[in-house]
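First the structure, in the form of structure tokens, and then the observations on it.
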Amino acid sequence: MEQNEHIFGIHSVIEAIESGRTIDKLFMKKDLNGELATRLCHLAKDHGIAIQRVPVERLNRITRKNHQGVVALISAIDYCSLHQLVPTLFDDGVLPFILVLDGITDVRNFGAIARTAECCGVNAIVIPSRGSVSVGADAVKTSAGALLHMPVCREASLVKAVEYLRESGCQIVCATEKSSINYTTGDYTTPVAIVMGAEDIGISNEILRIADTRAAIPMFGKIGSLNVGVAAGVMMYEVVRQRLGADLEVI
């Protein structure tokens, strides 16, 4: 981890939050208490920053300096608000093309997906604030810089974010091997949000229940699933293919 990716110490982290820095993750020693720690907890909650209580050994692996039981990882980008982005797309006459990543934790997969998304004209990537990869220097590097040009929305509740997209007029398409519907049979010439799940457990049941379409990519080998980065690329380029075929602007 590069030195400029994190800050440490209670006062420094409080000042960073109050100054508007985008905090990606906030780690706090398990047994850390006191007035300042309580203030930091309240401040983090007010700004929607999740705190992870961890053993001091975890903090020591990040920095050997006097961290006072608190280390914050700084995001390489400023996250966007989904509730502000979607109305802007419609107002600008853009046909929304959103990619939702449910529980993707591998930074290399995330970077590769973001790179493909940028090439496909995806308007935004939506990730959850917990249980997901974050946008750090490694992710930016793996994405070949695409994440510096791609709006990323980090939502406290991915289920509510998907519900909002659906209520806003986006078709929710979940890519899952549990479906019998071929992914090419869907109509992606409308506002669409493609949902991809983690390789180990897939898309959560809560989001699957919201889906308008559950689409499967046909597979004929002995392995039961594709790498999520490859599967995401297949789904995104199907959207591009259909929109180009319908003479619609991709972006």
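Residue numbering restarts at 1 in every chain; chains get A, B, ... in the order shown in the structure tokens, and ligands count up from 1 in that same order.
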Surrounding residues of region 231-244 of chain A excluding itself and chain neighbours under 6 positions, 7 Å, only C-alpha atoms, as a PyMOL selection string: chain A and resi 113+116+120+184+188-189+196+250
With N, CA and C atoms retained, export the selected residues as a PDB file, in the first residue's frame.
ATOM      1  N   ILE A 113     -13.382  -5.272 -14.980  1.00  0.00           N
ATOM      2  CA  ILE A 113     -14.780  -4.949 -15.273  1.00  0.00           C
ATOM      3  C   ILE A 113     -14.937  -3.460 -15.546  1.00  0.00           C
ATOM      4  N   THR A 116     -13.681  -2.543 -19.032  1.00  0.00           N
ATOM      5  CA  THR A 116     -14.642  -2.903 -20.066  1.00  0.00           C
ATOM      6  C   THR A 116     -15.855  -1.984 -20.029  1.00  0.00           C
ATOM      7  N   CYS A 120     -17.459   0.327 -22.981  1.00  0.00           N
ATOM      8  CA  CYS A 120     -18.825   0.065 -23.453  1.00  0.00           C
ATOM      9  C   CYS A 120     -19.752   1.258 -23.279  1.00  0.00           C
ATOM     10  N   THR A 184     -29.231 -13.249 -24.635  1.00  0.00           N
ATOM     11  CA  THR A 184     -29.415 -12.498 -25.878  1.00  0.00           C
ATOM     12  C   THR A 184     -30.881 -12.241 -26.196  1.00  0.00           C
ATOM     13  N   TYR A 188     -32.412  -4.828 -24.442  1.00  0.00           N
ATOM     14  CA  TYR A 188     -31.583  -3.893 -23.697  1.00  0.00           C
ATOM     15  C   TYR A 188     -31.509  -2.521 -24.364  1.00  0.00           C
ATOM     16  N   THR A 189     -32.484  -2.249 -25.231  1.00  0.00           N
ATOM     17  CA  THR A 189     -32.528  -0.947 -25.897  1.00  0.00           C
ATOM     18  C   THR A 189     -33.302   0.071 -25.063  1.00  0.00           C
ATOM     19  N   MET A 196     -24.255  -7.951 -11.689  1.00  0.00           N
ATOM     20  CA  MET A 196     -23.332  -9.080 -11.655  1.00  0.00           C
ATOM     21  C   MET A 196     -23.040  -9.423 -10.208  1.00  0.00           C
ATOM     22  N   VAL A 250     -24.765   4.764 -28.006  1.00  0.00           N
ATOM     23  CA  VAL A 250     -24.317   3.944 -26.895  1.00  0.00           C
ATOM     24  C   VAL A 250     -24.040   4.804 -25.676  1.00  0.00           C
TER      25      VAL A 250
END
Residue set, region 83-220 of chain A restricted to strand (DSSP E or B), as a PyMOL selection string: chain A and resi 97-102+124-128+152-155+171-175+182+192-198+202+213-216
What would the file look like if the residues just selected were written as a CSV table (one decimal), in the first residue's frame with N, CA and C atoms?
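Listed below is the output, again_5.csv:
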chain,number,residue,atom,x,y,z
A,97,PHE,N,-27.4,3.3,-18.8
A,97,PHE,CA,-26.7,2.0,-18.9
A,97,PHE,C,-25.9,1.9,-17.6
A,98,ILE,N,-26.4,1.2,-16.6
A,98,ILE,CA,-25.8,1.1,-15.3
A,98,ILE,C,-25.3,-0.3,-15.0
A,99,LEU,N,-24.2,-0.4,-14.4
A,99,LEU,CA,-23.6,-1.7,-14.0
A,99,LEU,C,-23.6,-1.8,-12.5
A,100,VAL,N,-24.3,-2.8,-11.9
A,100,VAL,CA,-24.3,-3.0,-10.5
A,100,VAL,C,-23.5,-4.2,-10.1
A,101,LEU,N,-22.6,-4.1,-9.2
A,101,LEU,CA,-21.7,-5.2,-8.8
A,101,LEU,C,-22.0,-5.6,-7.3
A,102,ASP,N,-22.6,-6.8,-7.2
A,102,ASP,CA,-23.0,-7.3,-5.9
A,102,ASP,C,-22.0,-8.2,-5.3
A,124,ALA,N,-22.4,4.4,-15.2
A,124,ALA,CA,-21.9,4.4,-13.8
A,124,ALA,C,-21.8,2.9,-13.3
A,125,ILE,N,-20.9,2.7,-12.3
A,125,ILE,CA,-20.9,1.5,-11.6
A,125,ILE,C,-21.4,1.7,-10.2
A,126,VAL,N,-22.2,0.8,-9.7
A,126,VAL,CA,-22.7,0.9,-8.4
A,126,VAL,C,-22.2,-0.3,-7.6
A,127,ILE,N,-21.7,0.0,-6.4
A,127,ILE,CA,-21.1,-1.0,-5.5
A,127,ILE,C,-21.7,-0.7,-4.1
A,128,PRO,N,-21.7,-1.7,-3.2
A,128,PRO,CA,-22.1,-1.5,-1.8
A,128,PRO,C,-21.0,-1.0,-1.0
A,152,VAL,N,-18.5,6.2,-10.1
A,152,VAL,CA,-18.8,5.0,-9.2
A,152,VAL,C,-19.7,5.5,-8.0
A,153,CYS,N,-20.8,4.8,-7.8
A,153,CYS,CA,-21.7,5.1,-6.7
A,153,CYS,C,-21.6,4.0,-5.7
A,154,ARG,N,-21.2,4.5,-4.5
A,154,ARG,CA,-21.1,3.5,-3.4
A,154,ARG,C,-22.3,3.7,-2.5
A,155,GLU,N,-23.2,2.7,-2.4
A,155,GLU,CA,-24.4,2.8,-1.7
A,155,GLU,C,-24.5,1.9,-0.4
A,171,GLN,N,-34.7,-1.1,-16.4
A,171,GLN,CA,-34.9,-2.6,-16.4
A,171,GLN,C,-33.8,-3.2,-15.6
A,172,ILE,N,-34.1,-4.0,-14.6
A,172,ILE,CA,-33.1,-4.7,-13.8
A,172,ILE,C,-32.8,-6.1,-14.4
A,173,VAL,N,-31.6,-6.3,-14.9
A,173,VAL,CA,-31.2,-7.6,-15.5
A,173,VAL,C,-30.1,-8.2,-14.7
A,174,CYS,N,-30.5,-9.4,-14.0
A,174,CYS,CA,-29.5,-10.1,-13.2
A,174,CYS,C,-28.9,-11.2,-14.0
A,175,ALA,N,-27.6,-11.2,-14.1
A,175,ALA,CA,-26.9,-12.3,-14.8
A,175,ALA,C,-26.7,-13.4,-13.9
A,182,ASN,N,-31.9,-17.2,-22.1
A,182,ASN,CA,-30.6,-16.8,-22.8
A,182,ASN,C,-30.5,-15.3,-22.7
A,192,VAL,N,-31.3,0.4,-18.7
A,192,VAL,CA,-31.0,-0.9,-18.2
A,192,VAL,C,-30.0,-0.8,-17.1
A,193,ALA,N,-30.1,-1.7,-16.1
A,193,ALA,CA,-29.1,-1.9,-15.1
A,193,ALA,C,-28.7,-3.4,-15.1
A,194,ILE,N,-27.5,-3.7,-15.4
A,194,ILE,CA,-27.0,-5.1,-15.4
A,194,ILE,C,-26.4,-5.4,-14.0
A,195,VAL,N,-26.8,-6.4,-13.4
A,195,VAL,CA,-26.4,-6.8,-12.1
A,195,VAL,C,-25.5,-8.0,-12.2
A,196,MET,N,-24.3,-8.0,-11.7
A,196,MET,CA,-23.3,-9.1,-11.7
A,196,MET,C,-23.0,-9.4,-10.2
A,197,GLY,N,-23.0,-10.7,-9.9
A,197,GLY,CA,-22.7,-11.1,-8.5
A,197,GLY,C,-21.3,-11.7,-8.3
A,198,ALA,N,-21.0,-11.9,-7.0
A,198,ALA,CA,-19.7,-12.5,-6.7
A,198,ALA,C,-19.6,-13.9,-7.2
A,202,GLY,N,-22.7,-15.5,-6.0
A,202,GLY,CA,-23.6,-14.9,-7.0
A,202,GLY,C,-24.4,-13.7,-6.5
A,213,THR,N,-35.6,-9.3,-15.2
A,213,THR,CA,-35.1,-10.4,-16.1
A,213,THR,C,-33.9,-11.1,-15.4
A,214,ARG,N,-33.9,-12.4,-15.4
A,214,ARG,CA,-32.8,-13.2,-15.0
A,214,ARG,C,-32.2,-13.8,-16.2
A,215,ALA,N,-31.0,-13.5,-16.6
A,215,ALA,CA,-30.4,-13.9,-17.9
A,215,ALA,C,-29.2,-14.8,-17.6
A,216,ALA,N,-29.1,-15.8,-18.4
A,216,ALA,CA,-28.0,-16.8,-18.3
A,216,ALA,C,-27.1,-16.8,-19.6
Please provide as a PDB file with N, CA and C atoms, in the first residue's frame all residues within 7 Å of region 17-33 of chain A, with the sequence filter that same-chain residues fewer than 5 positions apart are discarded (counting only C-alpha atoms).
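Saved as part-v1.pdb:
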ATOM      1  N   THR A  38     -15.597   8.257  20.475  1.00  0.00           N
ATOM      2  CA  THR A  38     -17.049   8.404  20.345  1.00  0.00           C
ATOM      3  C   THR A  38     -17.388   9.489  19.337  1.00  0.00           C
ATOM      4  N   ALA A  50     -18.632   3.473   7.042  1.00  0.00           N
ATOM      5  CA  ALA A  50     -18.694   2.277   7.873  1.00  0.00           C
ATOM      6  C   ALA A  50     -17.387   2.098   8.644  1.00  0.00           C
ATOM      7  N   ILE A  51     -17.491   1.764   9.924  1.00  0.00           N
ATOM      8  CA  ILE A  51     -16.320   1.515  10.763  1.00  0.00           C
ATOM      9  C   ILE A  51     -16.148   0.021  10.952  1.00  0.00           C
ATOM     10  N   GLN A  52     -14.946  -0.446  10.728  1.00  0.00           N
ATOM     11  CA  GLN A  52     -14.630  -1.851  10.971  1.00  0.00           C
ATOM     12  C   GLN A  52     -13.757  -1.935  12.221  1.00  0.00           C
ATOM     13  N   ARG A  53     -14.260  -2.611  13.245  1.00  0.00           N
ATOM     14  CA  ARG A  53     -13.496  -2.832  14.470  1.00  0.00           C
ATOM     15  C   ARG A  53     -12.558  -4.018  14.239  1.00  0.00           C
ATOM     16  N   VAL A  54     -11.262  -3.779  14.401  1.00  0.00           N
ATOM     17  CA  VAL A  54     -10.275  -4.796  14.060  1.00  0.00           C
ATOM     18  C   VAL A  54      -9.227  -4.925  15.168  1.00  0.00           C
ATOM     19  N   PRO A  55      -8.505  -6.045  15.207  1.00  0.00           N
ATOM     20  CA  PRO A  55      -7.398  -6.178  16.159  1.00  0.00           C
ATOM     21  C   PRO A  55      -6.289  -5.190  15.815  1.00  0.00           C
ATOM     22  N   VAL A  56      -5.500  -4.814  16.799  1.00  0.00           N
ATOM     23  CA  VAL A  56      -4.428  -3.846  16.571  1.00  0.00           C
ATOM     24  C   VAL A  56      -3.420  -4.364  15.556  1.00  0.00           C
ATOM     25  N   GLY A  69      -4.822   3.688  17.205  1.00  0.00           N
ATOM     26  CA  GLY A  69      -5.965   2.795  17.093  1.00  0.00           C
ATOM     27  C   GLY A  69      -6.928   3.131  15.969  1.00  0.00           C
ATOM     28  N   VAL A  70      -6.539   4.065  15.089  1.00  0.00           N
ATOM     29  CA  VAL A  70      -7.430   4.466  13.998  1.00  0.00           C
ATOM     30  C   VAL A  70      -6.637   4.644  12.704  1.00  0.00           C
ATOM     31  N   VAL A  71      -7.108   4.002  11.633  1.00  0.00           N
ATOM     32  CA  VAL A  71      -6.516   4.175  10.305  1.00  0.00           C
ATOM     33  C   VAL A  71      -7.641   4.308   9.290  1.00  0.00           C
ATOM     34  N   ALA A  72      -7.538   5.305   8.428  1.00  0.00           N
ATOM     35  CA  ALA A  72      -8.541   5.510   7.377  1.00  0.00           C
ATOM     36  C   ALA A  72      -7.872   5.371   6.015  1.00  0.00           C
ATOM     37  N   LEU A  73      -8.505   4.620   5.142  1.00  0.00           N
ATOM     38  CA  LEU A  73      -8.024   4.494   3.776  1.00  0.00           C
ATOM     39  C   LEU A  73      -8.735   5.521   2.907  1.00  0.00           C
ATOM     40  N   ILE A  74      -7.953   6.260   2.154  1.00  0.00           N
ATOM     41  CA  ILE A  74      -8.500   7.325   1.315  1.00  0.00           C
ATOM     42  C   ILE A  74      -8.827   6.772  -0.063  1.00  0.00           C
ATOM     43  N   SER A  75     -10.003   7.076  -0.555  1.00  0.00           N
ATOM     44  CA  SER A  75     -10.401   6.620  -1.881  1.00  0.00           C
ATOM     45  C   SER A  75      -9.596   7.345  -2.948  1.00  0.00           C
ATOM     46  N   ASP A  78     -13.612  10.354  -5.989  1.00  0.00           N
ATOM     47  CA  ASP A  78     -14.770  10.832  -5.234  1.00  0.00           C
ATOM     48  C   ASP A  78     -15.998  10.082  -5.751  1.00  0.00           C
ATOM     49  N   SER A 134     -13.036  -1.859  -3.037  1.00  0.00           N
ATOM     50  CA  SER A 134     -13.113  -0.406  -3.037  1.00  0.00           C
ATOM     51  C   SER A 134     -12.204   0.164  -4.117  1.00  0.00           C
TER      52      SER A 134
END
Near-region 137-139 of chain A list (8 Å; only C-alpha atoms; drop same-chain fewer than 5 positions) as JSON, numbers by chain: {"A": [5, 76, 107, 108, 110, 111, 147]}
Residues just named, written with C-alpha atoms as a compact mmCIF listing (two decimals), in the first residue's frame:
# COMPACT_ATOMS: atom_id res chain seq x y z
CA GLU A 5 -3.39 5.99 0.51
CA ALA A 76 -8.61 7.22 -5.16
CA VAL A 107 -9.56 -6.03 -7.11
CA ARG A 108 -8.30 -7.49 -10.39
CA PHE A 110 -13.14 -5.15 -10.43
CA GLY A 111 -10.49 -3.29 -12.38
CA LEU A 147 -11.96 4.32 -12.88
Nearest to Lys65 (chain A), chosen from A:Ile201, A:Leu158, A:Gly169, A:Gly9, with only C-alpha atoms counted in the distances: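 Looking at the shortest contact to Lys65 (chain A), the residue is A:Gly9.
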Which of region 1-210 of chain A fall in helix (DSSP H, G or I), as a ChimeraX atom specification: /A:3-5,10-18,35-46,56-62,82-91,107-120,137-142,146-148,158-167,183-185,205-210
Nearby residues (only C-alpha atoms) at most 9 Å from Leu40 (chain A), same-chain spacing under 3 positions excluded, as a ChimeraX atom specification: /A:10-11,13-14,35-37,43-45
Just the residues within 7 Å of Leu95 (chain A), please, counting only C-alpha atoms, with nothing from its chain fewer than 4 positions along; format it as a PDB file with N, CA and C atoms, in the first residue's frame.
ATOM      1  N   PHE A  90     -31.342  11.177 -17.388  1.00  0.00           N
ATOM      2  CA  PHE A  90     -32.625  11.323 -18.077  1.00  0.00           C
ATOM      3  C   PHE A  90     -32.813  12.761 -18.578  1.00  0.00           C
ATOM      4  N   THR A 190     -33.693  -0.331 -23.864  1.00  0.00           N
ATOM      5  CA  THR A 190     -34.353   0.564 -22.912  1.00  0.00           C
ATOM      6  C   THR A 190     -33.349   0.913 -21.817  1.00  0.00           C
ATOM      7  N   PRO A 191     -33.672   1.847 -20.913  1.00  0.00           N
ATOM      8  CA  PRO A 191     -32.793   2.076 -19.753  1.00  0.00           C
ATOM      9  C   PRO A 191     -32.574   0.767 -19.011  1.00  0.00           C
TER      10      PRO A 191
END
Separation of CA of Ala156 (chain A) from CA of Ser129 (chain A), in Å and rounded to one decimal: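 Computing it gives 5.2 Å between the two atoms.
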